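The next block holds one structure in the form of structure tokens; read it before the comments.
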Amino acid sequence: MIRISWALIAQHVDEWTGTDLDQGVAVLESRVREAVDTIGLKPEAVEHWHTDFLTPVVDSLRTDGAAALARGESWTKAAGPFLASATHIGTTD
């Protein structure tokens with residue numbers, strides 16, 4: 001089992017647990033986009049947030065995070081006010 005957790009400073013904390021990393025990444029991206037889209041930022045600020053904070057973390061989770069998890073390690077990445085981590089929390093047996 002994998003746990004992906006994330007925090008948007010002073011706005012939102014959430015997590016996903018499952019066995020499929022791709023699904024977890026999709027959930028993280030969807031939920032963070034929804035949270036950012038609803039906090040009242042101007043459209044250009046929302047786009048900046050997605051481009052400069054969310055995208056680098058998601059891309060790193062897909063590459064560096066996947067590699068770390070495959071080695072049995074944890075992964076953490078921060079970009080601006082956004083922090084995400086992934087770790088193994090047990091087995092599905």
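Ligands are numbered from 1 in the order shown, residues from 1 within each chain, and chains are lettered A, B, ... in the order they appear in the structure tokens.
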
Problem - Spatial neighbours of A:Val13, max dist 12 Å, only C-alpha atoms, sep filter under 3 positions, as a list in words - result: Ile4, Ser5, Trp6, Ala7, Leu8, Ile9, Ala10, Trp16, Leu28, Arg31, Val32, Ala35, Val36, Pro81, Phe82, Leu83, Ala84 and Ser85 of chain A

Please write the residues from the selection above to a file, keeping C-alpha atoms, as a PDB file, in the first residue's frame.
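Full text of out-v9.pdb as output:
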```pdb
ATOM      1  CA  ILE A   4       0.325   9.988  -0.722  1.00  0.00           C
ATOM      2  CA  SER A   5      -0.321  13.008   1.471  1.00  0.00           C
ATOM      3  CA  TRP A   6      -0.223  16.686   0.671  1.00  0.00           C
ATOM      4  CA  ALA A   7      -0.702  20.109   2.180  1.00  0.00           C
ATOM      5  CA  LEU A   8      -1.379  23.525   0.769  1.00  0.00           C
ATOM      6  CA  ILE A   9      -0.204  25.907   3.455  1.00  0.00           C
ATOM      7  CA  ALA A  10      -3.116  27.263   5.522  1.00  0.00           C
ATOM      8  CA  TRP A  16      -4.864   9.080  -0.705  1.00  0.00           C
ATOM      9  CA  LEU A  28      -3.645  14.287  -5.811  1.00  0.00           C
ATOM     10  CA  ARG A  31      -8.004  17.370  -5.521  1.00  0.00           C
ATOM     11  CA  VAL A  32      -5.294  20.022  -5.409  1.00  0.00           C
ATOM     12  CA  ALA A  35      -8.833  23.199  -3.829  1.00  0.00           C
ATOM     13  CA  VAL A  36      -6.805  25.907  -5.582  1.00  0.00           C
ATOM     14  CA  PRO A  81       3.261  26.624  -0.406  1.00  0.00           C
ATOM     15  CA  PHE A  82       2.674  23.036  -1.556  1.00  0.00           C
ATOM     16  CA  LEU A  83       4.175  19.906   0.031  1.00  0.00           C
ATOM     17  CA  ALA A  84       3.562  16.297  -0.984  1.00  0.00           C
ATOM     18  CA  SER A  85       4.961  12.980   0.211  1.00  0.00           C
TER      19      SER A  85
END
```

Problem - Close residues, A:Ile89 itself excluded, 12 Å, only C-alpha atoms, min 5 positions apart in chain, as a PyMOL selection string - result: chain A and resi 1-5+16-19+69+72-74

Sel. of alpha helix (DSSP H) residues, chain A, as a short mmCIF file (atom, residue, chain, number, x, y, z; two decimals) with N, CA, C and O atoms, in the first residue's frame:
```cif
data_model
loop_
_atom_site.label_atom_id
_atom_site.label_comp_id
_atom_site.auth_asym_id
_atom_site.auth_seq_id
_atom_site.Cartn_x
_atom_site.Cartn_y
_atom_site.Cartn_z
N LEU A 21 0.06 3.72 -8.01
CA LEU A 21 0.66 5.05 -7.92
C LEU A 21 0.04 6.01 -8.93
O LEU A 21 -0.22 7.17 -8.61
N ASP A 22 -0.20 5.55 -10.15
CA ASP A 22 -0.80 6.43 -11.17
C ASP A 22 -2.16 6.96 -10.71
O ASP A 22 -2.48 8.13 -10.92
N GLN A 23 -2.94 6.11 -10.10
CA GLN A 23 -4.24 6.54 -9.58
C GLN A 23 -4.04 7.57 -8.47
O GLN A 23 -4.73 8.58 -8.41
N GLY A 24 -3.09 7.32 -7.59
CA GLY A 24 -2.81 8.26 -6.50
C GLY A 24 -2.38 9.62 -7.01
O GLY A 24 -2.82 10.65 -6.51
N VAL A 25 -1.53 9.63 -8.04
CA VAL A 25 -1.08 10.89 -8.64
C VAL A 25 -2.28 11.63 -9.24
O VAL A 25 -2.43 12.84 -9.06
N ALA A 26 -3.15 10.91 -9.91
CA ALA A 26 -4.34 11.53 -10.51
C ALA A 26 -5.25 12.13 -9.44
O ALA A 26 -5.79 13.23 -9.62
N VAL A 27 -5.42 11.41 -8.34
CA VAL A 27 -6.26 11.92 -7.25
C VAL A 27 -5.63 13.17 -6.64
O VAL A 27 -6.30 14.18 -6.45
N LEU A 28 -4.34 13.12 -6.35
CA LEU A 28 -3.64 14.29 -5.81
C LEU A 28 -3.84 15.49 -6.73
O LEU A 28 -4.25 16.56 -6.29
N GLU A 29 -3.55 15.31 -8.00
CA GLU A 29 -3.64 16.42 -8.96
C GLU A 29 -5.07 16.97 -9.03
O GLU A 29 -5.28 18.18 -8.99
N SER A 30 -6.04 16.10 -9.10
CA SER A 30 -7.43 16.53 -9.18
C SER A 30 -7.87 17.29 -7.93
O SER A 30 -8.49 18.36 -8.02
N ARG A 31 -7.57 16.74 -6.77
CA ARG A 31 -8.00 17.37 -5.52
C ARG A 31 -7.30 18.69 -5.27
O ARG A 31 -7.91 19.64 -4.77
N VAL A 32 -6.01 18.76 -5.60
CA VAL A 32 -5.29 20.02 -5.41
C VAL A 32 -5.81 21.07 -6.38
O VAL A 32 -6.03 22.22 -6.01
N ARG A 33 -6.03 20.69 -7.63
CA ARG A 33 -6.60 21.65 -8.60
C ARG A 33 -7.94 22.18 -8.09
O ARG A 33 -8.19 23.38 -8.14
N GLU A 34 -8.78 21.30 -7.62
CA GLU A 34 -10.09 21.71 -7.11
C GLU A 34 -9.94 22.67 -5.92
O GLU A 34 -10.62 23.69 -5.85
N ALA A 35 -9.04 22.34 -5.00
CA ALA A 35 -8.83 23.20 -3.83
C ALA A 35 -8.33 24.58 -4.24
O ALA A 35 -8.83 25.60 -3.76
N VAL A 36 -7.36 24.62 -5.14
CA VAL A 36 -6.80 25.91 -5.58
C VAL A 36 -7.84 26.70 -6.37
O VAL A 36 -7.96 27.92 -6.21
N ASP A 37 -8.61 26.02 -7.18
CA ASP A 37 -9.61 26.70 -8.00
C ASP A 37 -10.72 27.33 -7.17
O ASP A 37 -11.40 28.25 -7.65
N PRO A 43 -7.81 34.39 -11.92
CA PRO A 43 -7.47 33.32 -12.88
C PRO A 43 -5.98 33.22 -13.20
O PRO A 43 -5.44 32.12 -13.29
N GLU A 44 -5.31 34.35 -13.33
CA GLU A 44 -3.88 34.29 -13.64
C GLU A 44 -3.06 33.76 -12.46
O GLU A 44 -2.06 33.08 -12.64
N ALA A 45 -3.52 34.02 -11.25
CA ALA A 45 -2.85 33.47 -10.06
C ALA A 45 -3.08 31.97 -9.97
O ALA A 45 -2.18 31.22 -9.57
N VAL A 46 -4.27 31.51 -10.32
CA VAL A 46 -4.57 30.07 -10.33
C VAL A 46 -3.66 29.38 -11.35
O VAL A 46 -3.05 28.35 -11.05
N GLU A 47 -3.54 29.95 -12.53
CA GLU A 47 -2.69 29.36 -13.56
C GLU A 47 -1.23 29.32 -13.10
O GLU A 47 -0.54 28.31 -13.29
N HIS A 48 -0.77 30.40 -12.49
CA HIS A 48 0.59 30.44 -11.94
C HIS A 48 0.77 29.33 -10.90
O HIS A 48 1.78 28.63 -10.89
N TRP A 49 -0.21 29.16 -10.04
CA TRP A 49 -0.14 28.14 -8.99
C TRP A 49 -0.01 26.75 -9.62
O TRP A 49 0.84 25.96 -9.22
N THR A 55 2.43 21.42 -10.95
CA THR A 55 3.04 20.62 -12.02
C THR A 55 4.42 20.08 -11.65
O THR A 55 4.67 18.88 -11.86
N PRO A 56 5.33 20.89 -11.08
CA PRO A 56 6.63 20.32 -10.72
C PRO A 56 6.55 19.19 -9.68
O PRO A 56 7.29 18.20 -9.77
N VAL A 57 5.64 19.32 -8.74
CA VAL A 57 5.50 18.27 -7.72
C VAL A 57 4.91 17.01 -8.34
O VAL A 57 5.40 15.90 -8.10
N VAL A 58 3.88 17.15 -9.16
CA VAL A 58 3.26 15.99 -9.81
C VAL A 58 4.27 15.29 -10.72
O VAL A 58 4.39 14.06 -10.71
N ASP A 59 5.00 16.08 -11.51
CA ASP A 59 6.01 15.49 -12.40
C ASP A 59 7.07 14.74 -11.61
O ASP A 59 7.49 13.64 -11.98
N SER A 60 7.51 15.31 -10.49
CA SER A 60 8.51 14.65 -9.65
C SER A 60 7.96 13.37 -9.02
O SER A 60 8.66 12.37 -8.92
N ALA A 66 8.17 7.67 -8.00
CA ALA A 66 7.99 6.27 -8.42
C ALA A 66 9.28 5.49 -8.22
O ALA A 66 9.26 4.35 -7.74
N ALA A 67 10.41 6.09 -8.57
CA ALA A 67 11.70 5.40 -8.41
C ALA A 67 12.01 5.17 -6.93
O ALA A 67 12.47 4.09 -6.55
N ALA A 68 11.76 6.16 -6.09
CA ALA A 68 12.01 6.01 -4.66
C ALA A 68 11.13 4.91 -4.07
O ALA A 68 11.61 4.06 -3.32
N LEU A 69 9.86 4.91 -4.42
CA LEU A 69 8.96 3.88 -3.91
C LEU A 69 9.38 2.48 -4.39
O LEU A 69 9.31 1.52 -3.63
N ALA A 70 9.85 2.39 -5.63
CA ALA A 70 10.30 1.11 -6.16
C ALA A 70 11.51 0.58 -5.38
O ALA A 70 11.70 -0.63 -5.26
#
```

Fill in the blank from the handout: re atom CA of A:Gln11 and atom CA of A:Leu41: distance 12.4 Å

Problem - Backbone-only DSSP, strand (DSSP E) members of chain A, as a list in words - result: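 Taking chain A and keeping strand (DSSP E) only, one gets Ile2, Arg3, Ile4, Ser5, Trp6, Ala7, Leu8, His12, Val13, Asp14, Glu15, Trp16, Thr17, Gly18, Trp75, Thr76, Lys77, Ala78, Ala79, Phe82, Leu83, Ala84, Ser85, Ala86, Thr87 and His88 of chain A.
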
Problem - Distance in Å - atom CA of A:Ala79 versus atom CA of A:Leu61 - result: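 Pair atom CA of A:Ala79 / atom CA of A:Leu61 returns 12.3 Å.
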
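Interatomic distance, atom CA of A:His88 to atom CA of A:His50: 26.6 Å.
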